[in-house]
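Q: Structure file data-v9.cif (mmCIF, C-alpha atoms) right here:
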data_coords
loop_
_atom_site.label_atom_id
_atom_site.label_comp_id
_atom_site.auth_asym_id
_atom_site.auth_seq_id
_atom_site.Cartn_x
_atom_site.Cartn_y
_atom_site.Cartn_z
CA MET A 7 8.61 45.11 -32.68
CA ASN A 8 8.85 45.05 -28.88
CA ILE A 9 8.84 41.53 -27.47
CA ALA A 10 8.53 40.34 -23.88
CA ALA A 11 10.05 36.86 -23.55
CA LEU A 12 8.89 34.74 -20.60
CA VAL A 13 11.83 32.55 -19.59
CA SER A 14 11.58 30.06 -16.73
CA GLY A 15 15.02 28.43 -16.88
CA GLY A 16 13.78 25.35 -18.73
CA VAL A 17 15.22 24.36 -22.08
CA ASP A 18 12.12 25.26 -24.14
CA SER A 19 11.86 28.84 -22.91
CA SER A 20 15.65 29.25 -22.92
CA VAL A 21 16.03 28.63 -26.65
CA ILE A 22 13.44 31.24 -27.61
CA ILE A 23 16.08 33.92 -26.93
CA PRO A 24 18.63 32.80 -29.57
CA LEU A 25 15.74 32.12 -31.96
CA LEU A 26 14.38 35.65 -31.50
CA LYS A 27 17.86 37.21 -31.75
CA GLU A 28 18.44 35.28 -34.98
CA GLN A 29 15.28 36.89 -36.38
CA GLY A 30 16.63 40.34 -35.55
CA TYR A 31 14.59 41.00 -32.40
CA ASP A 32 15.90 42.33 -29.10
CA PRO A 33 13.53 40.80 -26.52
CA VAL A 34 13.23 41.85 -22.90
CA ILE A 35 13.42 38.75 -20.69
CA PHE A 36 10.99 38.32 -17.81
CA TYR A 37 11.07 35.72 -15.04
CA ILE A 38 7.78 35.38 -13.17
CA GLN A 39 7.92 34.78 -9.41
CA ILE A 40 4.81 33.61 -7.58
CA GLY A 41 6.21 32.80 -4.11
CA MET A 42 5.50 29.07 -3.82
CA GLU A 43 8.79 28.59 -1.91
CA ASN A 44 6.97 29.50 1.30
CA GLU A 45 4.58 26.57 0.95
CA PRO A 46 5.24 23.64 3.36
CA ALA A 47 4.74 21.28 0.39
CA PHE A 48 7.44 22.99 -1.71
CA MET A 49 9.91 20.49 -3.15
CA ASP A 50 13.59 20.69 -4.06
CA CYS A 51 13.20 22.90 -7.10
CA PRO A 52 14.46 26.32 -6.03
CA SER A 53 13.71 29.40 -8.10
CA GLU A 54 17.29 30.55 -7.44
CA GLU A 55 18.56 28.02 -9.99
CA ASP A 56 15.95 29.16 -12.52
CA ILE A 57 16.98 32.77 -12.02
CA GLU A 58 20.69 31.94 -12.34
CA ILE A 59 20.07 30.24 -15.68
CA THR A 60 17.85 33.06 -16.92
CA THR A 61 20.40 35.67 -15.81
CA PHE A 62 23.13 33.79 -17.71
CA ILE A 63 21.00 33.78 -20.87
CA ALA A 64 20.25 37.50 -20.56
CA LYS A 65 23.95 38.32 -20.24
CA LYS A 66 24.96 35.96 -23.05
CA TYR A 67 22.60 37.62 -25.53
CA GLY A 68 22.74 41.15 -24.16
CA CYS A 69 19.07 41.30 -23.20
CA LYS A 70 17.43 43.39 -20.55
CA PHE A 71 16.19 41.14 -17.73
CA GLU A 72 13.48 41.73 -15.15
CA ILE A 73 12.15 39.56 -12.33
CA VAL A 74 8.46 40.28 -11.79
CA ASN A 75 6.31 39.20 -8.86
CA LEU A 76 2.80 37.94 -9.52
CA HIS A 77 2.37 36.22 -6.17
CA ASN A 78 -0.92 37.89 -5.22
CA GLU A 79 -2.43 37.43 -8.67
CA TYR A 80 -1.44 33.78 -8.83
CA TRP A 81 -2.88 32.98 -5.41
CA SER A 82 -6.11 34.92 -5.87
CA ARG A 83 -6.77 33.48 -9.31
CA VAL A 84 -5.10 30.11 -10.01
CA VAL A 85 -4.72 28.74 -6.47
CA ASP A 86 -8.23 29.79 -5.43
CA TYR A 87 -9.61 28.25 -8.63
CA THR A 88 -7.74 25.01 -7.91
CA ILE A 89 -8.88 24.71 -4.30
CA SER A 90 -12.52 25.65 -4.97
CA THR A 91 -12.71 23.19 -7.88
CA VAL A 92 -11.26 20.37 -5.77
CA LYS A 93 -13.70 21.09 -2.93
CA LYS A 94 -16.58 20.60 -5.37
CA GLY A 95 -15.28 17.14 -6.17
CA LEU A 96 -14.21 18.22 -9.64
CA THR A 97 -10.83 17.93 -11.36
CA PRO A 98 -9.03 21.25 -11.91
CA ASN A 99 -6.39 22.05 -14.49
CA PRO A 100 -4.12 24.79 -13.10
CA ASP A 101 -1.97 24.71 -16.27
CA VAL A 102 -4.86 25.77 -18.48
CA MET A 103 -5.91 28.55 -16.12
CA CYS A 104 -2.35 29.67 -15.46
CA ASN A 105 -1.83 30.38 -19.17
CA ARG A 106 -5.05 32.36 -19.41
CA LEU A 107 -4.92 34.18 -16.07
CA ILE A 108 -1.18 34.65 -15.42
CA LYS A 109 1.23 34.21 -18.34
CA PHE A 110 -1.02 35.88 -20.90
CA GLY A 111 -3.33 37.53 -18.34
CA SER A 112 -1.94 39.27 -15.27
CA PHE A 113 1.51 39.59 -16.80
CA ASP A 114 0.11 41.43 -19.81
CA ASP A 115 -2.12 43.58 -17.61
CA LYS A 116 0.77 44.73 -15.40
CA PHE A 117 3.84 44.61 -17.65
CA GLY A 118 2.76 43.98 -21.23
CA LYS A 119 1.45 47.40 -22.21
CA ASP A 120 4.73 48.38 -23.90
CA PHE A 121 5.08 45.11 -25.82
CA ASP A 122 3.62 44.04 -29.13
CA LYS A 123 4.16 40.34 -28.46
CA ILE A 124 4.61 37.96 -25.51
CA ALA A 125 6.92 35.08 -26.45
CA THR A 126 6.91 31.77 -24.57
CA GLY A 127 8.43 28.32 -24.98
CA HIS A 128 5.10 26.60 -25.62
CA TYR A 129 4.94 24.02 -28.38
CA ALA A 130 2.17 25.73 -30.33
CA ASP A 131 1.76 27.85 -33.44
CA THR A 132 -0.35 30.71 -34.72
CA GLY A 133 -1.85 31.36 -38.13
CA PHE A 134 -3.61 34.27 -39.84
CA ARG A 135 -6.74 33.49 -41.87
CA ASP A 136 -9.65 35.64 -43.05
CA GLY A 137 -8.11 38.60 -41.26
CA LYS A 138 -8.03 36.81 -37.89
CA HIS A 139 -5.49 35.02 -35.70
CA TRP A 140 -5.95 31.29 -35.06
CA LEU A 141 -4.22 28.95 -32.62
CA ARG A 142 -2.57 26.08 -34.49
CA THR A 143 -0.84 22.89 -33.40
CA ALA A 144 2.97 22.69 -33.32
CA ALA A 145 5.27 20.70 -35.59
CA ASP A 146 6.09 18.34 -32.73
CA LYS A 147 2.80 16.48 -32.29
CA VAL A 148 4.05 14.63 -29.20
CA LYS A 149 5.03 17.81 -27.36
CA ASP A 150 2.19 19.98 -28.70
CA GLN A 151 0.79 22.11 -25.84
CA THR A 152 -2.27 23.65 -27.44
CA TYR A 153 -4.44 21.71 -24.99
CA PHE A 154 -3.05 23.95 -22.23
CA LEU A 155 -3.72 27.04 -24.36
CA GLY A 156 -7.29 26.11 -25.25
CA ARG A 157 -8.76 28.66 -22.83
CA ILE A 158 -6.84 31.80 -23.85
CA THR A 159 -8.76 34.79 -25.24
CA TYR A 160 -8.52 36.23 -28.72
CA HIS A 161 -6.63 39.28 -27.45
CA GLN A 162 -4.12 37.01 -25.73
CA LEU A 163 -3.69 34.93 -28.88
CA SER A 164 -3.12 38.04 -30.98
CA LYS A 165 -0.16 38.97 -28.73
CA ALA A 166 1.23 35.43 -28.36
CA MET A 167 4.44 34.37 -30.06
CA PHE A 168 5.74 30.79 -30.06
CA PRO A 169 9.31 30.66 -31.44
CA VAL A 170 9.66 26.84 -31.11
CA ALA A 171 6.49 26.24 -33.18
CA THR A 172 8.32 24.61 -36.11
CA LEU A 173 10.90 22.67 -34.06
CA LEU A 174 10.91 19.14 -32.72
CA LYS A 175 11.97 18.63 -29.10
CA LYS A 176 15.22 17.00 -30.19
CA GLU A 177 15.97 20.07 -32.33
CA VAL A 178 15.31 22.34 -29.33
CA ARG A 179 17.76 20.27 -27.24
CA ALA A 180 20.33 20.34 -30.05
CA LEU A 181 20.05 24.13 -30.35
CA ALA A 182 20.47 24.56 -26.61
CA GLU A 183 23.62 22.40 -26.69
CA LYS A 184 24.98 24.28 -29.71
CA GLU A 185 24.43 27.58 -27.88
CA ASN A 186 26.00 26.15 -24.68
CA LEU A 187 22.93 26.98 -22.61
CA PRO A 188 22.99 25.63 -19.03
CA SER A 189 19.44 24.32 -19.51
CA ALA A 190 20.44 22.09 -22.45
CA LEU A 191 20.44 18.86 -20.44
CA ARG A 192 17.90 19.91 -17.84
CA LYS A 193 14.99 17.50 -17.39
CA ASP A 194 11.55 18.60 -18.52
CA SER A 195 9.26 19.72 -15.73
CA GLN A 196 6.61 17.11 -14.97
CA GLY A 197 4.63 19.41 -12.73
CA ILE A 198 1.63 21.59 -13.36
CA CYS A 199 2.55 25.19 -14.08
CA PHE A 200 4.01 26.79 -10.95
CA LEU A 201 2.21 24.23 -8.79
CA GLY A 202 4.57 21.69 -10.33
CA LYS A 203 7.22 22.79 -7.87
CA ILE A 204 5.27 21.50 -4.91
CA ASN A 205 3.91 18.14 -3.80
CA TYR A 206 0.33 18.43 -5.08
CA ASN A 207 -1.29 16.10 -2.53
CA GLN A 208 0.58 17.78 0.31
CA PHE A 209 -0.59 21.14 -1.01
CA ILE A 210 -4.23 19.98 -1.09
CA LYS A 211 -3.88 18.49 2.40
CA GLN A 212 -2.45 21.74 3.72
CA HIS A 213 -5.34 23.81 2.38
CA ILE A 214 -8.32 21.42 2.63
CA GLY A 215 -7.27 18.82 5.18
CA GLU A 216 -8.19 15.14 5.39
CA LYS A 217 -11.42 13.25 6.02
CA LYS A 218 -11.67 9.47 6.07
CA GLY A 219 -14.12 7.89 3.65
CA LYS A 220 -14.98 4.54 2.10
CA ILE A 221 -13.59 3.00 -1.08
CA VAL A 222 -16.42 0.93 -2.59
CA GLU A 223 -16.44 -1.47 -5.54
CA LEU A 224 -19.01 -0.06 -7.97
CA GLU A 225 -20.34 -3.36 -9.26
CA THR A 226 -20.79 -5.14 -5.91
CA GLY A 227 -21.06 -2.41 -3.28
CA LYS A 228 -18.30 -4.12 -1.31
CA ILE A 229 -16.19 -1.86 0.92
CA LEU A 230 -12.57 -2.37 -0.10
CA GLY A 231 -10.78 0.17 2.07
CA THR A 232 -10.61 3.81 3.10
CA HIS A 233 -9.30 7.06 1.66
CA ASN A 234 -8.37 10.42 3.17
CA GLY A 235 -10.84 12.59 1.25
CA TYR A 236 -12.55 12.52 -2.15
CA TRP A 237 -10.57 15.65 -3.10
CA PHE A 238 -7.38 13.61 -3.40
CA HIS A 239 -8.87 11.46 -6.16
CA THR A 240 -9.96 12.04 -9.74
CA ILE A 241 -12.00 10.02 -12.21
CA GLY A 242 -9.78 7.61 -14.13
CA GLN A 243 -7.10 7.51 -11.42
CA ARG A 244 -5.41 4.13 -10.92
CA LYS A 245 -2.50 4.94 -8.62
CA GLY A 246 -2.42 5.82 -4.94
CA LEU A 247 -5.49 3.83 -3.90
CA GLY A 248 -3.59 1.31 -1.78
CA LEU A 249 -5.70 -1.64 -2.95
CA SER A 250 -4.38 -5.11 -3.74
CA GLN A 251 -5.33 -7.35 -6.67
CA GLY A 252 -5.49 -4.40 -9.03
CA PRO A 253 -5.45 -2.44 -11.15
CA TRP A 254 -8.33 -0.46 -9.68
CA PHE A 255 -9.76 2.65 -11.33
CA VAL A 256 -11.72 5.49 -9.73
CA VAL A 257 -14.96 5.62 -11.74
CA LYS A 258 -17.32 7.68 -9.58
CA LYS A 259 -17.39 9.94 -6.51
CA GLU A 260 -20.22 10.57 -4.02
CA ILE A 261 -19.38 14.00 -2.69
CA GLN A 262 -21.98 14.31 0.08
CA GLU A 263 -21.06 10.95 1.60
CA ASN A 264 -17.31 11.24 0.85
CA VAL A 265 -17.29 7.88 -0.96
CA ILE A 266 -15.22 6.94 -4.00
CA PHE A 267 -16.26 4.05 -6.24
CA VAL A 268 -13.74 1.89 -8.05
CA SER A 269 -13.75 -0.82 -10.71
CA ASN A 270 -11.26 -3.63 -11.11
CA GLY A 271 -9.44 -4.71 -14.26
CA TYR A 272 -7.47 -3.27 -17.14
CA ASP A 273 -10.54 -2.16 -19.10
CA PRO A 274 -13.60 -1.96 -16.86
CA ALA A 275 -16.65 -0.96 -18.90
CA SER A 276 -17.61 1.60 -16.26
CA GLN A 277 -14.48 3.59 -17.06
CA TYR A 278 -15.58 4.32 -20.64
CA SER A 279 -18.07 6.61 -22.32
CA ASP A 280 -18.73 7.62 -25.93
CA GLU A 281 -20.29 10.99 -25.11
CA VAL A 282 -18.64 14.14 -23.79
CA VAL A 283 -20.79 17.05 -22.62
CA LEU A 284 -19.11 20.45 -22.38
CA GLN A 285 -20.45 23.50 -20.56
CA ASP A 286 -19.16 27.08 -20.47
CA PHE A 287 -17.69 26.63 -23.95
CA GLN A 288 -15.45 29.46 -25.12
CA PHE A 289 -14.16 29.93 -28.67
CA ILE A 290 -10.68 31.40 -28.98
CA THR A 291 -11.16 33.28 -32.26
CA GLU A 292 -14.79 32.75 -33.27
CA ASP A 293 -17.30 29.98 -33.87
CA PRO A 294 -16.30 28.64 -37.30
CA PHE A 295 -19.34 26.38 -37.58
CA ALA A 296 -22.51 27.87 -39.04
CA ASP A 297 -24.96 24.99 -38.64
CA TYR A 298 -24.93 22.37 -35.89
CA SER A 299 -28.15 20.65 -36.95
CA LYS A 300 -26.40 17.74 -38.68
CA GLY A 301 -23.43 17.69 -36.33
CA ILE A 302 -19.91 18.96 -36.96
CA GLU A 303 -16.99 16.61 -37.51
CA ILE A 304 -14.21 17.60 -35.12
CA THR A 305 -11.26 16.18 -33.24
CA PHE A 306 -10.79 16.73 -29.52
CA LYS A 307 -8.78 16.01 -26.39
CA ILE A 308 -9.99 15.57 -22.81
CA ARG A 309 -6.44 15.70 -21.42
CA HIS A 310 -2.93 16.56 -22.61
CA THR A 311 -1.99 13.64 -24.89
CA PRO A 312 -0.39 13.37 -28.34
CA GLU A 313 -3.48 11.58 -29.67
CA PHE A 314 -6.64 13.22 -30.94
CA THR A 315 -10.06 11.58 -30.78
CA THR A 316 -12.54 11.99 -33.63
CA GLY A 317 -16.15 12.88 -32.93
CA VAL A 318 -19.29 14.70 -34.04
CA MET A 319 -20.27 17.82 -32.08
CA THR A 320 -23.78 19.19 -31.69
CA LYS A 321 -25.15 22.16 -29.75
CA ASP A 322 -28.03 21.82 -27.31
CA ARG A 323 -29.29 24.74 -25.17
CA GLY A 324 -25.85 26.13 -24.44
CA LEU A 325 -24.17 22.75 -24.03
CA PHE A 326 -21.90 21.16 -26.61
CA ARG A 327 -22.24 17.40 -26.98
CA ILE A 328 -19.59 15.28 -28.63
CA LYS A 329 -20.38 11.79 -29.85
CA SER A 330 -16.99 10.12 -29.85
CA GLN A 331 -16.02 7.74 -32.63
CA GLU A 332 -14.56 5.45 -29.99
CA PRO A 333 -15.22 4.99 -26.26
CA ILE A 334 -12.91 7.13 -24.14
CA ALA A 335 -11.70 6.47 -20.61
CA GLY A 336 -11.52 8.65 -17.54
CA LEU A 337 -13.93 11.49 -18.26
CA ALA A 338 -13.32 13.73 -15.25
CA PRO A 339 -15.92 16.45 -14.58
CA GLY A 340 -14.22 19.82 -14.17
CA GLN A 341 -11.45 19.05 -16.64
CA PHE A 342 -11.33 20.80 -19.99
CA GLY A 343 -12.37 19.33 -23.31
CA VAL A 344 -10.45 21.09 -26.07
CA ILE A 345 -11.83 21.12 -29.61
CA TYR A 346 -9.85 21.09 -32.87
CA ASP A 347 -10.80 21.01 -36.53
CA LYS A 348 -11.03 17.58 -38.15
CA GLY A 349 -7.58 18.06 -39.68
CA GLU A 350 -6.00 18.32 -36.20
CA LYS A 351 -4.41 21.66 -37.15
CA VAL A 352 -6.52 24.42 -35.57
CA CYS A 353 -7.44 24.68 -31.88
CA ILE A 354 -10.94 26.17 -31.81
CA GLY A 355 -11.76 26.48 -28.12
CA SER A 356 -12.65 24.63 -24.95
CA GLY A 357 -15.41 23.75 -22.53
CA ILE A 358 -15.62 22.23 -19.06
CA ILE A 359 -16.55 18.56 -18.90
CA LYS A 360 -19.99 18.28 -17.25
#
Here is the file; what I need is its structure written in the form of structure tokens.

A:
Amino acid sequence: MNIAALVSGGVDSSVIIPLLKEQGYDPVIFYIQIGMENEPAFMDCPSEEDIEITTFIAKKYGCKFEIVNLHNEYWSRVVDYTISTVKKGLTPNPDVMCNRLIKFGSFDDKFGKDFDKIATGHYADTGFRDGKHWLRTAADKVKDQTYFLGRITYHQLSKAMFPVATLLKKEVRALAEKENLPSALRKDSQGICFLGKINYNQFIKQHIGEKKGKIVELETGKILGTHNGYWFHTIGQRKGLGLSQGPWFVVKKEIQENVIFVSNGYDPASQYSDEVVLQDFQFITEDPFADYSKGIEITFKIRHTPEFTTGVMTKDRGLFRIKSQEPIAGLAPGQFGVIYDKGEKVCIGSGIIK
């Protein structure tokens, strides 16, 4: 079996090489470059260090190594998606789209033709049932990354390989130390896909600019301060508002007037909702539910968290409505709602929060 291994220099992707070699495979290592170093907002996270680590791993295990450039594809697909979504006042998720459009998309289109599988360091798993591939959650429920994979296509899933699926994070670290990998003690990236290497607000400012607007208390209509543009703020946000006597939460945005509304307190009622409406829903494998008339018991996530929320999903003229078992905070239009079976094992698909 021919395997392309996407290695970024981080500990998770680094350990997939010894794991694959242990299974008798001889993967070809690829490092994806997208050219963010030329951005004014680029931070101290040079790709040179990533490439040095990846080169070391390739030599250590005798693997062929290629650096591939997907700069144009990344900018025309993920960056344009991010900027256009922000301009609409919605909340984008570049990580979700990066997996679909770049790691399992453009890479496969340009370089994956000769490979049976594309291996990554994602904490996720795959299963085979009724003659079809299914995306499953990883053994490490805290690190599970299926939320970020909830938009991939069936073809992409059928080629995906996740060698760390059965490992806990501490076991991944221990393996990296045992193998004397330079990434063993490297901190986990807190950023979003490749955009994680830049200052996000600086990036948005560079490409959209600033425009002063009012910060208004939702309940009273009182003007509390100003902001530099609704596009810097997302529903549920509580940091970066510059308001005293907090905490304050962003609960609503008026796009035409460039106004953001906030509520005060640790649990303002306006921050919560027990219904999630999803549009443009896409199943990864297939729709496993035959009849929506009585509602389907599912679990779901509206952001990347270890916890699942239980709900009942119905279908209404192309929209999927979830009645949550408990009120949930910070529903941000534009973000993805990812659906799982009620056993929290199988990732079924995703829709965009309306």

Q: Identify, on the basis of all atoms listed in the file, every residue whose closest approach to region 59-69 of chain A does not exceed 7 Å; exclude the query and any residue fewer than 6 positions from it along the same chain; express the result as a list in words.

A: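 Skipping anything fewer than 6 positions along the chain leaves Val13, Ser14, Gly15, Asp32, Pro33, Val34, Ile35 and Pro188 of chain A.
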
Q: Suppose a student applies the PyMOL selection byres ((chain A and resi 111) around 12) to this structure; what residues should they get, written as a PyMOL selection string?

A: chain A and resi 76+79-80+83-84+102-110+112-119+124+157-163+165-166

Q: Which residues, named as in the file, does the PyMOL selection byres ((chain A and resi 20) around 12) pick out? Answer as a ChimeraX atom specification.

A: /A:11-19,21-26,35-37,56-57,59-64,66-67,125-128,169-170,178-179,181-183,185-192

Q: Any chance you could work out the residue set of the PyMOL selection byres ((chain A and resi 325-339) around 8) here, as number ranges by chain?

A: A: 96-97, 240-243, 257, 277-287, 308, 315-324, 340-341, 358-360

Q: Expressed in Å to a single decimal, how great is the separation between CA of Ile261 (chain A) and CA of Lys94 (chain A)?

A: 7.7 Å

Q: So which residues are close to (-13.2, 31.1, -30.0), meaning at most 10 Å away in the file's coordinates with all atoms listed in the file counted, and can you show them as a VMD selection string?

A: chain A and resid 140 to 141 156 to 160 287 to 294 353 to 356

Q: Please determine, counting all atoms listed in the file, which residue among A:Arg135, A:Lys217, A:Arg142, A:Lys123 has the shortest atom-to-atom distance to Ser164 (chain A).

A: A:Lys123

Q: Have a look at CA of Lys218 (chain A) and CA of Lys259 (chain A) and let me know their distance in Å, one decimal.

A: 13.8 Å

Q: Looking at all atoms listed in the file, which of A:Asn207, A:Asn75, A:Thr132, A:Ser53 is the one that sits closest to Gln39 (chain A)?

A: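 Closest to Gln39 (chain A) of all the choices is A:Asn75.
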
Q: Quick one: residues within 8 Å of Leu173 (chain A), all atoms listed in the file counted, chain neighbours fewer than 5 positions away excluded, as a ChimeraX atom specification?

A: /A:144-146,178

Q: Would you mind listing what lies within 12 Å of Ser250 (chain A) as an MDAnalysis selection string, with all atoms listed in the file counted and same-chain residues fewer than 6 positions away left out?

A: chainID A and resid 230:231 244 270:271

Q: Between A:Ala10, A:Ile89, A:Ile40, A:Val74, which residue has the minimum interatomic distance to Ile210 (chain A), considering all atoms listed in the file?

A: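 Comparing A:Ala10, A:Ile89, A:Ile40, A:Val74 against Ile210 (chain A), the winner is A:Ile89.
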
Q: Using CA of Trp237 (chain A) and CA of Glu223 (chain A) as the two end points, give the distance in Å to one decimal.

A: 18.3 Å

Q: With distances taken over all atoms listed in the file, which residue among A:Phe168, A:Phe209, A:Tyr236, A:Phe255 lies nearest Thr143 (chain A)?

A: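 Counting all atoms listed in the file, the residue closest to Thr143 (chain A) is A:Phe168.
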
Q: Box in all listed atoms of region 161-169 of chain A, axis-aligned, with 6 Å more on each side; write out centre and edge lengths in Å to one decimal as JSON.

A:
{"center_x": 1.3, "center_y": 35.0, "center_z": -28.6, "size_x": 27.9, "size_y": 20.6, "size_z": 17.7}
